[in-house]
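K.L.:
For reference, this is start24.cif, and it has mmCIF, C-alpha atoms.
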```cif
data_input
loop_
_atom_site.label_atom_id
_atom_site.label_comp_id
_atom_site.auth_asym_id
_atom_site.auth_seq_id
_atom_site.Cartn_x
_atom_site.Cartn_y
_atom_site.Cartn_z
CA MET J 130 12.29 -8.80 -61.95
CA GLY J 131 13.61 -12.02 -60.37
CA LYS J 132 13.98 -15.38 -61.99
CA SER J 133 10.89 -17.59 -62.14
CA PRO J 134 10.75 -20.33 -59.51
CA PHE J 135 11.78 -23.84 -60.52
CA PHE J 136 8.66 -24.99 -58.65
CA GLU J 137 5.93 -23.15 -56.76
CA GLU J 138 2.51 -24.23 -55.60
CA ASN J 139 0.18 -22.62 -53.06
CA LYS J 140 -2.95 -24.07 -51.51
CA THR J 141 -5.95 -22.11 -50.27
CA LEU J 142 -7.29 -23.15 -46.88
CA ALA J 143 -11.04 -23.45 -46.36
CA ASN J 144 -12.47 -20.80 -44.04
CA ASN J 145 -8.94 -19.36 -43.55
CA THR J 146 -8.25 -22.15 -41.05
CA TRP J 147 -5.30 -24.55 -41.06
CA GLU J 148 -6.48 -27.61 -39.21
CA LEU J 149 -3.90 -29.89 -37.62
CA THR J 150 -5.18 -32.72 -39.82
CA ASP J 151 -4.64 -30.68 -43.03
CA THR J 152 -1.47 -31.97 -44.67
CA ALA J 153 -0.44 -29.95 -47.69
CA ARG J 154 1.39 -32.08 -50.29
CA PHE J 155 3.48 -30.82 -53.17
CA SER J 156 4.99 -33.11 -55.85
CA PHE J 157 7.73 -32.14 -58.27
CA GLU J 158 10.19 -33.76 -60.68
CA ILE J 159 13.97 -33.50 -60.45
CA GLU J 160 16.14 -34.30 -63.47
CA ASP J 161 19.35 -32.39 -62.62
CA THR J 162 21.11 -33.72 -59.51
CA ASN J 163 23.96 -31.20 -59.86
CA GLN J 164 21.79 -28.06 -59.60
CA LEU J 165 21.65 -26.19 -56.28
CA TYR J 166 18.27 -25.10 -54.90
CA ASP J 167 16.87 -22.83 -52.19
CA PHE J 168 13.61 -23.90 -50.48
CA TYR J 169 10.92 -21.48 -49.29
CA PHE J 170 7.75 -21.88 -47.26
CA ASN J 171 4.97 -19.55 -48.44
CA LEU J 172 2.30 -18.36 -46.04
CA ARG J 173 -0.51 -15.84 -46.35
CA ASN J 174 -1.99 -14.91 -43.01
CA LEU J 175 -4.61 -12.36 -42.14
CA SER J 176 -3.58 -9.41 -39.98
CA THR J 177 -5.85 -10.92 -37.30
CA TYR J 178 -3.59 -14.03 -36.94
CA SER J 179 -3.00 -14.46 -33.19
CA TYR J 180 0.71 -15.27 -33.17
CA SER J 181 3.97 -13.62 -34.22
CA ASN J 182 5.42 -16.92 -35.43
CA ILE J 183 4.53 -20.33 -36.81
CA PHE J 184 6.09 -23.76 -36.48
CA ILE J 185 5.79 -26.21 -39.35
CA ASP J 186 6.62 -29.91 -39.47
CA TYR J 187 7.68 -31.07 -42.89
CA LYS J 188 8.66 -34.26 -44.65
CA LEU J 189 10.58 -34.52 -47.91
CA LYS J 190 9.99 -37.92 -49.52
CA PHE J 191 12.62 -39.09 -52.02
CA PRO J 192 11.97 -41.13 -55.19
CA ASN J 193 13.39 -44.24 -53.48
CA GLY J 194 10.80 -44.01 -50.67
CA LYS J 195 13.17 -42.69 -48.00
CA SER J 196 12.32 -39.43 -46.31
CA LEU J 197 13.70 -36.54 -44.29
CA THR J 198 11.58 -35.01 -41.53
CA ASP J 199 12.21 -31.75 -39.70
CA THR J 200 10.58 -28.78 -37.97
CA ALA J 201 11.07 -25.11 -38.79
CA GLU J 202 10.00 -21.94 -37.01
CA PHE J 203 9.23 -18.78 -38.93
CA ILE J 204 8.99 -15.36 -37.30
CA LEU J 205 6.09 -13.45 -38.84
CA ALA J 206 6.12 -10.23 -36.82
CA LYS J 207 8.52 -7.97 -34.96
CA PRO J 208 8.26 -7.74 -31.14
CA ASN J 209 6.23 -4.53 -31.56
CA GLY J 210 3.62 -6.48 -33.59
CA ARG J 211 4.56 -5.14 -37.03
CA TRP J 212 4.25 -7.86 -39.68
CA LEU J 213 7.44 -8.76 -41.54
CA GLY J 214 5.74 -9.92 -44.76
CA LYS J 215 4.30 -7.79 -47.53
CA THR J 216 0.79 -6.48 -46.88
CA ILE J 217 -1.54 -7.11 -49.82
CA SER J 218 -5.29 -6.53 -50.16
CA GLY J 219 -5.42 -4.56 -46.91
CA SER J 220 -5.44 -7.34 -44.32
CA ILE J 221 -3.50 -10.18 -46.00
CA ILE J 222 0.19 -10.60 -45.18
CA ASP J 223 2.26 -12.41 -47.84
CA ASN J 224 5.33 -14.26 -46.52
CA SER J 225 7.94 -16.25 -48.44
CA MET J 226 10.46 -17.58 -45.93
CA LEU J 227 13.73 -19.26 -46.80
CA PHE J 228 14.32 -22.45 -44.81
CA SER J 229 17.04 -24.33 -46.68
CA ARG J 230 19.85 -22.98 -48.86
CA LYS J 231 22.00 -24.42 -51.60
CA LYS J 232 20.79 -28.02 -51.47
CA ARG J 233 21.09 -30.67 -54.15
CA PHE J 234 18.62 -33.45 -54.76
CA PRO J 235 20.55 -36.75 -54.68
CA LEU J 236 18.23 -38.69 -57.02
CA LYS J 237 16.35 -38.09 -60.23
CA GLY J 238 12.59 -38.61 -60.04
CA THR J 239 9.48 -37.50 -58.22
CA TYR J 240 9.79 -35.89 -54.80
CA GLU J 241 6.99 -35.04 -52.40
CA PHE J 242 7.08 -32.23 -49.84
CA ALA J 243 4.40 -32.53 -47.13
CA VAL J 244 3.74 -29.98 -44.40
CA ILE J 245 1.50 -29.62 -41.33
CA HIS J 246 1.52 -26.88 -38.75
CA GLY J 247 3.34 -27.60 -35.51
CA MET J 248 1.57 -25.14 -33.23
CA ARG J 249 0.00 -26.17 -29.91
CA GLN J 250 -3.42 -24.96 -31.02
CA LYS J 251 -5.29 -27.64 -32.97
CA ASN J 252 -6.75 -25.31 -35.60
CA LEU J 253 -4.98 -22.13 -36.71
CA ASP J 254 -7.44 -19.44 -37.69
CA HIS J 255 -6.60 -16.55 -40.02
CA ILE J 256 -4.27 -18.54 -42.32
CA ALA J 257 -5.39 -18.11 -45.94
CA ASN J 258 -2.75 -19.97 -47.99
CA ILE J 259 0.25 -22.24 -47.52
CA GLY J 260 2.78 -23.12 -50.17
CA PHE J 261 6.18 -24.39 -51.18
CA LYS J 262 8.66 -22.78 -53.57
CA ILE J 263 12.01 -23.92 -54.99
CA LEU J 264 14.45 -21.53 -56.65
CA GLU J 265 17.54 -22.53 -58.59
CA THR J 266 20.70 -20.97 -57.17
CA SER J 267 24.47 -21.17 -57.62
CA GLU J 268 27.56 -21.54 -55.43
#
```
How does the structure come out when it is put into structure tokens?

P.N.:
Amino acid sequence: MGKSPFFEENKTLANNTWELTDTARFSFEIEDTNQLYDFYFNLRNLSTYSYSNIFIDYKLKFPNGKSLTDTAEFILAKPNGRWLGKTISGSIIDNSMLFSRKKRFPLKGTYEFAVIHGMRQKNLDHIANIGFKILETSE
């Protein structure tokens, strides 16, 4: 069994819908600025989700108030429509997608990771959970 995450939090979306106005926020404390970390975006979609991918816009806010903003695309299905994540409970697809490797936090203190979806559709139906996970790693 793998090592426990340094941080992981998942949020359940009402009515399995991720509205464009729904910003998911995750706060965590960093004490060790020498440790390397891998960042993951967690997503549970229903097998009835309409797309084979998802774009997310995220912001990492540092303890000093500065922030880093970026966009990431995650491929959720193969071209033939087969889901890439692990199927659980019949119609729920569990995805944990790496989006940043071997990063150090420059400051000690409280960080905030905020995420919204970046899809053209205002409300994304058939999304059950969204989350953020950090794993400690080494060189």

K.L.:
If the PyMOL selection byres ((chain J and resi 194) around 12) were run on this exact file, what residues would it hold? Put them as a compact mmCIF listing (two decimals) with C-alpha atoms, in the frame of the given file.

P.N.:
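Listed below is the output, selection.txt:
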```txt
# COMPACT_ATOMS: atom_id res chain seq x y z
CA LYS J 188 8.66 -34.26 -44.65
CA LEU J 189 10.58 -34.52 -47.91
CA LYS J 190 9.99 -37.92 -49.52
CA PHE J 191 12.62 -39.09 -52.02
CA PRO J 192 11.97 -41.13 -55.19
CA ASN J 193 13.39 -44.24 -53.48
CA LYS J 195 13.17 -42.69 -48.00
CA SER J 196 12.32 -39.43 -46.31
CA LEU J 197 13.70 -36.54 -44.29
CA LEU J 236 18.23 -38.69 -57.02
CA GLY J 238 12.59 -38.61 -60.04
CA THR J 239 9.48 -37.50 -58.22
CA TYR J 240 9.79 -35.89 -54.80
CA GLU J 241 6.99 -35.04 -52.40
```

K.L.:
Please list as a list in words every residue within 12 Å of Asp151 (chain J), counting all atoms listed in the file and excluding residues in the same chain fewer than 3 positions away.

P.N.:
Lys140, Thr141, Leu142, Ala143, Thr146, Trp147, Glu148, Arg154, Ile185, Asp186, Ala243, Val244, Ile245, His246, Gly247, Lys251, Asn252, Leu253, Asn258 and Ile259 of chain J

K.L.:
On this file, the PyMOL selection byres ((chain J and resi 228) around 8) gives some set of residues; write that set as a PyMOL selection string.

P.N.:
chain J and resi 167-170+201+226-227+229-230

K.L.:
Pick the closest to Ile204 (chain J) from J:Thr177, J:Ser220, J:Asn144, J:Asn182: which is it, counting all atoms listed in the file?

P.N.:
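Closest to Ile204 (chain J), using all atoms listed in the file: J:Asn182.
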
K.L.:
Report as a list in words all protein, DNA and RNA residues lying within 8 Å of region 131-137 of chain J, evaluated on all atoms listed in the file, omitting residues in the same chain fewer than 5 positions from it.

P.N.:
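That gives Phe157, Gly260, Phe261, Lys262, Ile263, Leu264 and Glu265 of chain J.
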